[in-house]
Structures are given as structure tokens and as C-alpha cells.
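What follows is a set of notes on a single structure, which appears directly below.
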Amino acid sequence: VGPCTADFALLCSVQTSIWMLSRTKDALCDAFSAGETARDSALAGISSGSLLPDFRASGFGLFAFSTDGTVIADSLLAETVGRRIDSHELSGHFFQSGLLDQFAWAVSHGGGFVPHFSTRLAKALNDKAKAEPLEVVTYIEGCPSGERLAVSFGRAPMPLVQHCTLSAFCSFHNAQSLLGHLVVEMLVAHLPG
């Protein structure tokens, strides 16, 4: 089992998402409230990825959006900036009524995990031109000034190794897949609606 990847619902996906926001949230929220120059610098830092220290994971990227759902910075895909997170373009032509309400609910409760469809992560992980929407889970927290900070990862479980015996190393891989998927499903089960 290699480094954590944003492709799948794994325990390390949950940990990485929380870790990324906990490492950056205070500084970003302070900058968002400190005036336009500091805000612009913080948004540039998100988009460049320079705010995130190196860590042993792949495909994770911090993004920020306003209360109306407009992406204002993205470390994975610069092309998402200026588009709404719930738009047909970023959600893979799925109509996701209530998505912004679910994000707002999670933020009002100190942060949380919200499931939805997205082409953002799919484009970052795969061929940008042929990216099909993925079912993702987004960990989100808010700043007092209203901006939302978020990290997404795939909701699908990591594929199981077939014909695996309990004494083989593949049993650890399978346990990692099953436990990760169950934890992620528990985290999103409490959402209203």
C-alpha cells in the first residue's frame, strides 16, 4: 500500500483533508479579513499550492469558494476559478439542488464532510478532456469573513484484491478499503436532507 491518494474513500483521505485545512485555515482566514492585498495574496497562495507543505499523499488540493458557490482559488485546477461549485460544468451535468445548503450546514456546525458529484477532482486525477464526474466527498470549513475552504476526495472504495487469504498482505489492503469506505459513509450520513 503506497501513499494516500485522493482517488478513494480511505481513512488517510479523511485524515489528509482535515490535516490540510488545519494547517492552513487560521492563516487564510486571518488574511481574508486583513484587507484586499492580504486576501489576494492568500488566494494566490492557495492557487499556487505554495501554502501546503509537502506530505505523503497525491491528488489532494485545497480550494476556496464564496458563500454563493463561486470558486475563488484552487490548487488543483486554475480553470475552476470564477465558476460555481454547483454548476453543471463542475458537477458533471448533474443538477445538485441543495448542495450549497449542505455546505452551509456543515460550515455552521464547525466543518464537515459533504458528498456530491464533481468533475474538478476527476480532471485533476485523469485526462482533463475526458473526465467523467466522480462521486466525491468534500471536507469543508468556513472563515468568519464567509469564505469556504475545502478539500475533496473520491467516495468510491479502493478496489478489493480478489482471492485473498487472511494471512496474505492483500488482506491488509482489503481491510483498509473496507474500513475507509465505512468511515466515510458514517461521516456523510448525518447530513440533513
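Identifiers for the C-alpha cells are assigned positionally: chains receive A, B, ... in sequence, residues are indexed from 1 per chain, and ligands are indexed from 1 in the order shown.
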Write down as JSON, numbers by chain the residues of region 5-61 of chain A whose backbone DSSP state falls under alpha helix (DSSP H).
{"A": [11, 12, 13, 14, 15, 16, 17, 18, 19, 20, 21, 22, 23, 24, 25, 26, 27, 28, 29, 30, 31, 32, 33, 36, 37, 38, 39, 40, 41, 42, 43, 44, 45, 46, 47, 48]}
Go ahead and dump the residues you just picked, C-alpha atoms, as a short mmCIF file (atom, residue, chain, number, x, y, z; two decimals), in the first residue's frame.
data_model
loop_
_atom_site.label_atom_id
_atom_site.label_comp_id
_atom_site.auth_asym_id
_atom_site.auth_seq_id
_atom_site.Cartn_x
_atom_site.Cartn_y
_atom_site.Cartn_z
CA LEU A 11 -9.02 6.64 6.37
CA CYS A 12 -5.98 8.55 5.20
CA SER A 13 -8.23 10.59 2.84
CA VAL A 14 -10.22 11.78 5.84
CA GLN A 15 -7.04 12.46 7.82
CA THR A 16 -5.34 14.28 4.93
CA SER A 17 -8.36 16.51 4.30
CA ILE A 18 -8.61 17.53 7.94
CA TRP A 19 -4.84 17.97 8.19
CA MET A 20 -4.69 20.20 5.10
CA LEU A 21 -7.34 22.56 6.46
CA SER A 22 -6.00 22.56 10.00
CA ARG A 23 -2.54 23.51 8.67
CA THR A 24 -3.81 26.45 6.61
CA LYS A 25 -7.19 27.66 7.89
CA ASP A 26 -6.13 30.14 10.58
CA ALA A 27 -3.60 31.93 8.36
CA LEU A 28 -6.01 32.03 5.41
CA CYS A 29 -8.99 33.24 7.43
CA ASP A 30 -6.85 35.97 9.01
CA ALA A 31 -5.67 37.06 5.54
CA PHE A 32 -9.22 37.11 4.16
CA SER A 33 -10.16 39.58 6.91
CA GLU A 36 -7.70 43.19 -0.18
CA THR A 37 -3.91 42.84 -0.58
CA ALA A 38 -3.69 40.13 2.09
CA ARG A 39 -6.79 38.40 0.66
CA ASP A 40 -5.36 38.41 -2.87
CA SER A 41 -2.06 37.05 -1.59
CA ALA A 42 -3.85 34.24 0.28
CA LEU A 43 -5.88 33.31 -2.79
CA ALA A 44 -2.71 33.28 -4.90
CA GLY A 45 -1.07 31.06 -2.28
CA ILE A 46 -3.95 28.58 -2.47
CA SER A 47 -3.92 28.52 -6.27
CA SER A 48 -0.15 28.04 -6.46
#
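Within 7 Å of region 176-178 of chain A, once only C-alpha atoms are used and residues closer than 5 positions along the same chain are dropped, the contacting residues are Leu10, Pro157, Met158 and Leu160 of chain A.
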Find the residues around region 97-112 of chain A up to 7 Å (only C-alpha atoms counted), leave out those fewer than 2 positions away in its own chain, and share them as a PyMOL selection string.
chain A and resi 69+86+95+114+139-142
Assign secondary structure with DSSP using the backbone only, and return the residues of region 11-111 of chain A in strand (DSSP E) as a list in words.
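The strand (DSSP E) subset of region 11-111 of chain A is Ala57, Ser58, Leu62, Phe63, Ala64, Phe65, Val71, Ile72, Ala73 and Asp74 of chain A.
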Write out as a ChimeraX atom specification which residues come within 9 Å of Ile72 (chain A) when counting only C-alpha atoms, dropping same-chain ones fewer than 5 positions away.
/A:43,47,63-66,80-83,147
Residues as selected, all heavy atoms, written as a PDB file, in the first residue's frame, can you do that?
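part18.pdb, freshly written:
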ATOM      1  N   LEU A  43      -5.278  34.034  -1.663  1.00  0.00           N
ATOM      2  CA  LEU A  43      -5.885  33.308  -2.787  1.00  0.00           C
ATOM      3  C   LEU A  43      -4.816  32.831  -3.767  1.00  0.00           C
ATOM      4  O   LEU A  43      -4.886  31.713  -4.275  1.00  0.00           O
ATOM      5  CB  LEU A  43      -6.919  34.193  -3.491  1.00  0.00           C
ATOM      6  CG  LEU A  43      -8.163  34.540  -2.664  1.00  0.00           C
ATOM      7  CD1 LEU A  43      -9.054  35.511  -3.428  1.00  0.00           C
ATOM      8  CD2 LEU A  43      -8.930  33.289  -2.285  1.00  0.00           C
ATOM      9  N   SER A  47      -3.962  28.940  -4.866  1.00  0.00           N
ATOM     10  CA  SER A  47      -3.923  28.517  -6.268  1.00  0.00           C
ATOM     11  C   SER A  47      -2.562  27.974  -6.678  1.00  0.00           C
ATOM     12  O   SER A  47      -2.476  27.058  -7.493  1.00  0.00           O
ATOM     13  CB  SER A  47      -4.334  29.682  -7.183  1.00  0.00           C
ATOM     14  OG  SER A  47      -5.713  29.961  -7.006  1.00  0.00           O
ATOM     15  N   PHE A  63      -9.098  24.156  -2.093  1.00  0.00           N
ATOM     16  CA  PHE A  63      -9.782  25.172  -2.882  1.00  0.00           C
ATOM     17  C   PHE A  63     -10.662  26.004  -1.976  1.00  0.00           C
ATOM     18  O   PHE A  63     -10.962  25.620  -0.841  1.00  0.00           O
ATOM     19  CB  PHE A  63     -10.557  24.569  -4.062  1.00  0.00           C
ATOM     20  CG  PHE A  63     -11.726  23.691  -3.727  1.00  0.00           C
ATOM     21  CD1 PHE A  63     -13.025  24.155  -3.851  1.00  0.00           C
ATOM     22  CD2 PHE A  63     -11.538  22.378  -3.319  1.00  0.00           C
ATOM     23  CE1 PHE A  63     -14.104  23.334  -3.579  1.00  0.00           C
ATOM     24  CE2 PHE A  63     -12.608  21.548  -3.049  1.00  0.00           C
ATOM     25  CZ  PHE A  63     -13.902  22.029  -3.171  1.00  0.00           C
ATOM     26  N   ALA A  64     -11.001  27.192  -2.459  1.00  0.00           N
ATOM     27  CA  ALA A  64     -11.816  28.119  -1.681  1.00  0.00           C
ATOM     28  C   ALA A  64     -12.936  28.633  -2.565  1.00  0.00           C
ATOM     29  O   ALA A  64     -12.768  28.785  -3.782  1.00  0.00           O
ATOM     30  CB  ALA A  64     -10.964  29.285  -1.184  1.00  0.00           C
ATOM     31  N   PHE A  65     -14.096  28.867  -1.948  1.00  0.00           N
ATOM     32  CA  PHE A  65     -15.198  29.466  -2.684  1.00  0.00           C
ATOM     33  C   PHE A  65     -15.995  30.378  -1.779  1.00  0.00           C
ATOM     34  O   PHE A  65     -15.900  30.314  -0.553  1.00  0.00           O
ATOM     35  CB  PHE A  65     -16.061  28.417  -3.389  1.00  0.00           C
ATOM     36  CG  PHE A  65     -16.679  27.368  -2.518  1.00  0.00           C
ATOM     37  CD1 PHE A  65     -17.964  27.502  -2.031  1.00  0.00           C
ATOM     38  CD2 PHE A  65     -15.978  26.211  -2.214  1.00  0.00           C
ATOM     39  CE1 PHE A  65     -18.540  26.519  -1.251  1.00  0.00           C
ATOM     40  CE2 PHE A  65     -16.543  25.216  -1.435  1.00  0.00           C
ATOM     41  CZ  PHE A  65     -17.838  25.372  -0.945  1.00  0.00           C
ATOM     42  N   SER A  66     -16.746  31.270  -2.405  1.00  0.00           N
ATOM     43  CA  SER A  66     -17.540  32.246  -1.671  1.00  0.00           C
ATOM     44  C   SER A  66     -18.869  31.614  -1.248  1.00  0.00           C
ATOM     45  O   SER A  66     -19.200  30.506  -1.663  1.00  0.00           O
ATOM     46  CB  SER A  66     -17.782  33.476  -2.543  1.00  0.00           C
ATOM     47  OG  SER A  66     -18.487  33.098  -3.707  1.00  0.00           O
ATOM     48  N   THR A  80     -11.109  26.295 -12.706  1.00  0.00           N
ATOM     49  CA  THR A  80     -12.361  26.316 -11.955  1.00  0.00           C
ATOM     50  C   THR A  80     -12.650  27.680 -11.344  1.00  0.00           C
ATOM     51  O   THR A  80     -13.785  27.965 -10.984  1.00  0.00           O
ATOM     52  CB  THR A  80     -12.371  25.261 -10.832  1.00  0.00           C
ATOM     53  OG1 THR A  80     -11.367  25.600  -9.875  1.00  0.00           O
ATOM     54  CG2 THR A  80     -12.141  23.868 -11.371  1.00  0.00           C
ATOM     55  N   VAL A  81     -11.637  28.520 -11.199  1.00  0.00           N
ATOM     56  CA  VAL A  81     -11.812  29.833 -10.582  1.00  0.00           C
ATOM     57  C   VAL A  81     -12.814  30.652 -11.398  1.00  0.00           C
ATOM     58  O   VAL A  81     -12.736  30.726 -12.625  1.00  0.00           O
ATOM     59  CB  VAL A  81     -10.469  30.569 -10.443  1.00  0.00           C
ATOM     60  CG1 VAL A  81     -10.671  31.993  -9.925  1.00  0.00           C
ATOM     61  CG2 VAL A  81      -9.532  29.787  -9.526  1.00  0.00           C
ATOM     62  N   GLY A  82     -13.780  31.223 -10.696  1.00  0.00           N
ATOM     63  CA  GLY A  82     -14.824  32.015 -11.332  1.00  0.00           C
ATOM     64  C   GLY A  82     -16.078  31.220 -11.654  1.00  0.00           C
ATOM     65  O   GLY A  82     -17.100  31.790 -12.028  1.00  0.00           O
ATOM     66  N   ARG A  83     -16.013  29.914 -11.510  1.00  0.00           N
ATOM     67  CA  ARG A  83     -17.185  29.060 -11.769  1.00  0.00           C
ATOM     68  C   ARG A  83     -17.821  28.656 -10.443  1.00  0.00           C
ATOM     69  O   ARG A  83     -17.150  28.559  -9.427  1.00  0.00           O
ATOM     70  CB  ARG A  83     -16.773  27.816 -12.549  1.00  0.00           C
ATOM     71  CG  ARG A  83     -16.201  28.176 -13.904  1.00  0.00           C
ATOM     72  CD  ARG A  83     -15.818  26.951 -14.670  1.00  0.00           C
ATOM     73  NE  ARG A  83     -15.277  27.349 -15.964  1.00  0.00           N
ATOM     74  CZ  ARG A  83     -14.441  26.627 -16.655  1.00  0.00           C
ATOM     75  NH1 ARG A  83     -14.048  25.452 -16.195  1.00  0.00           N
ATOM     76  NH2 ARG A  83     -13.998  27.051 -17.818  1.00  0.00           N
ATOM     77  N   GLU A 147     -15.733  33.102   3.458  1.00  0.00           N
ATOM     78  CA  GLU A 147     -15.129  32.178   2.502  1.00  0.00           C
ATOM     79  C   GLU A 147     -15.163  30.766   3.049  1.00  0.00           C
ATOM     80  O   GLU A 147     -15.100  30.534   4.241  1.00  0.00           O
ATOM     81  CB  GLU A 147     -13.669  32.565   2.204  1.00  0.00           C
ATOM     82  CG  GLU A 147     -13.495  33.851   1.462  1.00  0.00           C
ATOM     83  CD  GLU A 147     -13.489  35.082   2.370  1.00  0.00           C
ATOM     84  OE1 GLU A 147     -13.673  34.933   3.601  1.00  0.00           O
ATOM     85  OE2 GLU A 147     -13.323  36.191   1.830  1.00  0.00           O
TER      86      GLU A 147
END
Residue contacts of Asn126 (chain A) (12 Å, only C-alpha atoms) excluding same-chain residues fewer than 6 positions away, as an mmCIF file with N, CA, C and O atoms, in the first residue's frame:
data_model
loop_
_atom_site.group_PDB
_atom_site.id
_atom_site.type_symbol
_atom_site.label_atom_id
_atom_site.label_comp_id
_atom_site.auth_asym_id
_atom_site.auth_seq_id
_atom_site.Cartn_x
_atom_site.Cartn_y
_atom_site.Cartn_z
ATOM 1 N N ALA A 6 -6.151 10.655 -3.359
ATOM 2 C CA ALA A 6 -7.485 11.269 -3.315
ATOM 3 C C ALA A 6 -8.495 10.501 -4.164
ATOM 4 O O ALA A 6 -9.665 10.859 -4.184
ATOM 5 N N ASP A 7 -8.069 9.456 -4.826
ATOM 6 C CA ASP A 7 -8.970 8.689 -5.689
ATOM 7 C C ASP A 7 -10.076 7.977 -4.915
ATOM 8 O O ASP A 7 -11.162 7.764 -5.456
ATOM 9 N N GLY A 59 -3.033 13.873 -5.238
ATOM 10 C CA GLY A 59 -4.330 14.239 -5.773
ATOM 11 C C GLY A 59 -5.164 15.140 -4.891
ATOM 12 O O GLY A 59 -6.242 15.555 -5.284
ATOM 13 N N LEU A 76 -5.652 22.670 -7.453
ATOM 14 C CA LEU A 76 -5.628 21.579 -8.427
ATOM 15 C C LEU A 76 -5.888 22.044 -9.855
ATOM 16 O O LEU A 76 -5.209 21.620 -10.779
ATOM 17 N N THR A 119 -16.516 17.189 -11.400
ATOM 18 C CA THR A 119 -15.529 16.915 -12.450
ATOM 19 C C THR A 119 -14.173 17.498 -12.064
ATOM 20 O O THR A 119 -13.174 17.178 -12.679
ATOM 21 N N ARG A 120 -14.133 18.348 -11.037
ATOM 22 C CA ARG A 120 -12.894 19.002 -10.614
ATOM 23 C C ARG A 120 -11.837 17.961 -10.259
ATOM 24 O O ARG A 120 -10.730 17.979 -10.786
ATOM 25 N N GLU A 132 -14.970 12.108 -16.573
ATOM 26 C CA GLU A 132 -16.361 11.859 -16.185
ATOM 27 C C GLU A 132 -16.516 12.314 -14.747
ATOM 28 O O GLU A 132 -15.574 12.254 -13.961
ATOM 29 N N PRO A 133 -17.690 12.755 -14.369
ATOM 30 C CA PRO A 133 -17.867 13.187 -12.982
ATOM 31 C C PRO A 133 -17.662 12.034 -12.010
ATOM 32 O O PRO A 133 -18.011 10.893 -12.294
ATOM 33 N N LEU A 134 -17.071 12.369 -10.893
ATOM 34 C CA LEU A 134 -16.854 11.405 -9.820
ATOM 35 C C LEU A 134 -17.767 11.751 -8.650
ATOM 36 O O LEU A 134 -18.042 12.924 -8.400
#
Here is a test: counting only C-alpha atoms, which residue of A:Phe8, A:Val188, A:Ala73, A:His116 is nearest to Phe153 (chain A)?
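Looking at the shortest contact to Phe153 (chain A), the residue is A:Phe8.
CA of Pro115 (chain A) is found 13.8 Å from CA of Leu182 (chain A).
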Neighbour list for Val161 (chain A) as a list of chain:residue names, cut-off 9 Å, only C-alpha atoms, skip fewer than 6 positions in-chain
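The filter keeps A:Cys170, A:Ser171, A:His173, A:Asn174.
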Export, as a PDB file, in the first residue's frame, the selected residues with N, CA and C atoms.
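This is the output file part-v7.pdb:
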ATOM      1  N   CYS A 170      -2.413  -8.894   1.128  1.00  0.00           N
ATOM      2  CA  CYS A 170      -3.574  -8.283   0.480  1.00  0.00           C
ATOM      3  C   CYS A 170      -4.753  -8.142   1.444  1.00  0.00           C
ATOM      4  N   SER A 171      -4.775  -8.920   2.520  1.00  0.00           N
ATOM      5  CA  SER A 171      -5.863  -8.781   3.492  1.00  0.00           C
ATOM      6  C   SER A 171      -5.800  -7.413   4.178  1.00  0.00           C
ATOM      7  N   HIS A 173      -4.719  -4.658   2.662  1.00  0.00           N
ATOM      8  CA  HIS A 173      -5.253  -3.783   1.607  1.00  0.00           C
ATOM      9  C   HIS A 173      -6.780  -3.810   1.614  1.00  0.00           C
ATOM     10  N   ASN A 174      -7.355  -4.992   1.675  1.00  0.00           N
ATOM     11  CA  ASN A 174      -8.810  -5.125   1.673  1.00  0.00           C
ATOM     12  C   ASN A 174      -9.437  -4.520   2.930  1.00  0.00           C
TER      13      ASN A 174
END
Grab the CA of Ala122 (chain A) to CA of His190 (chain A) distance for me, in Å with one decimal place.
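Distance reported for this atom pair: 25.4 Å.
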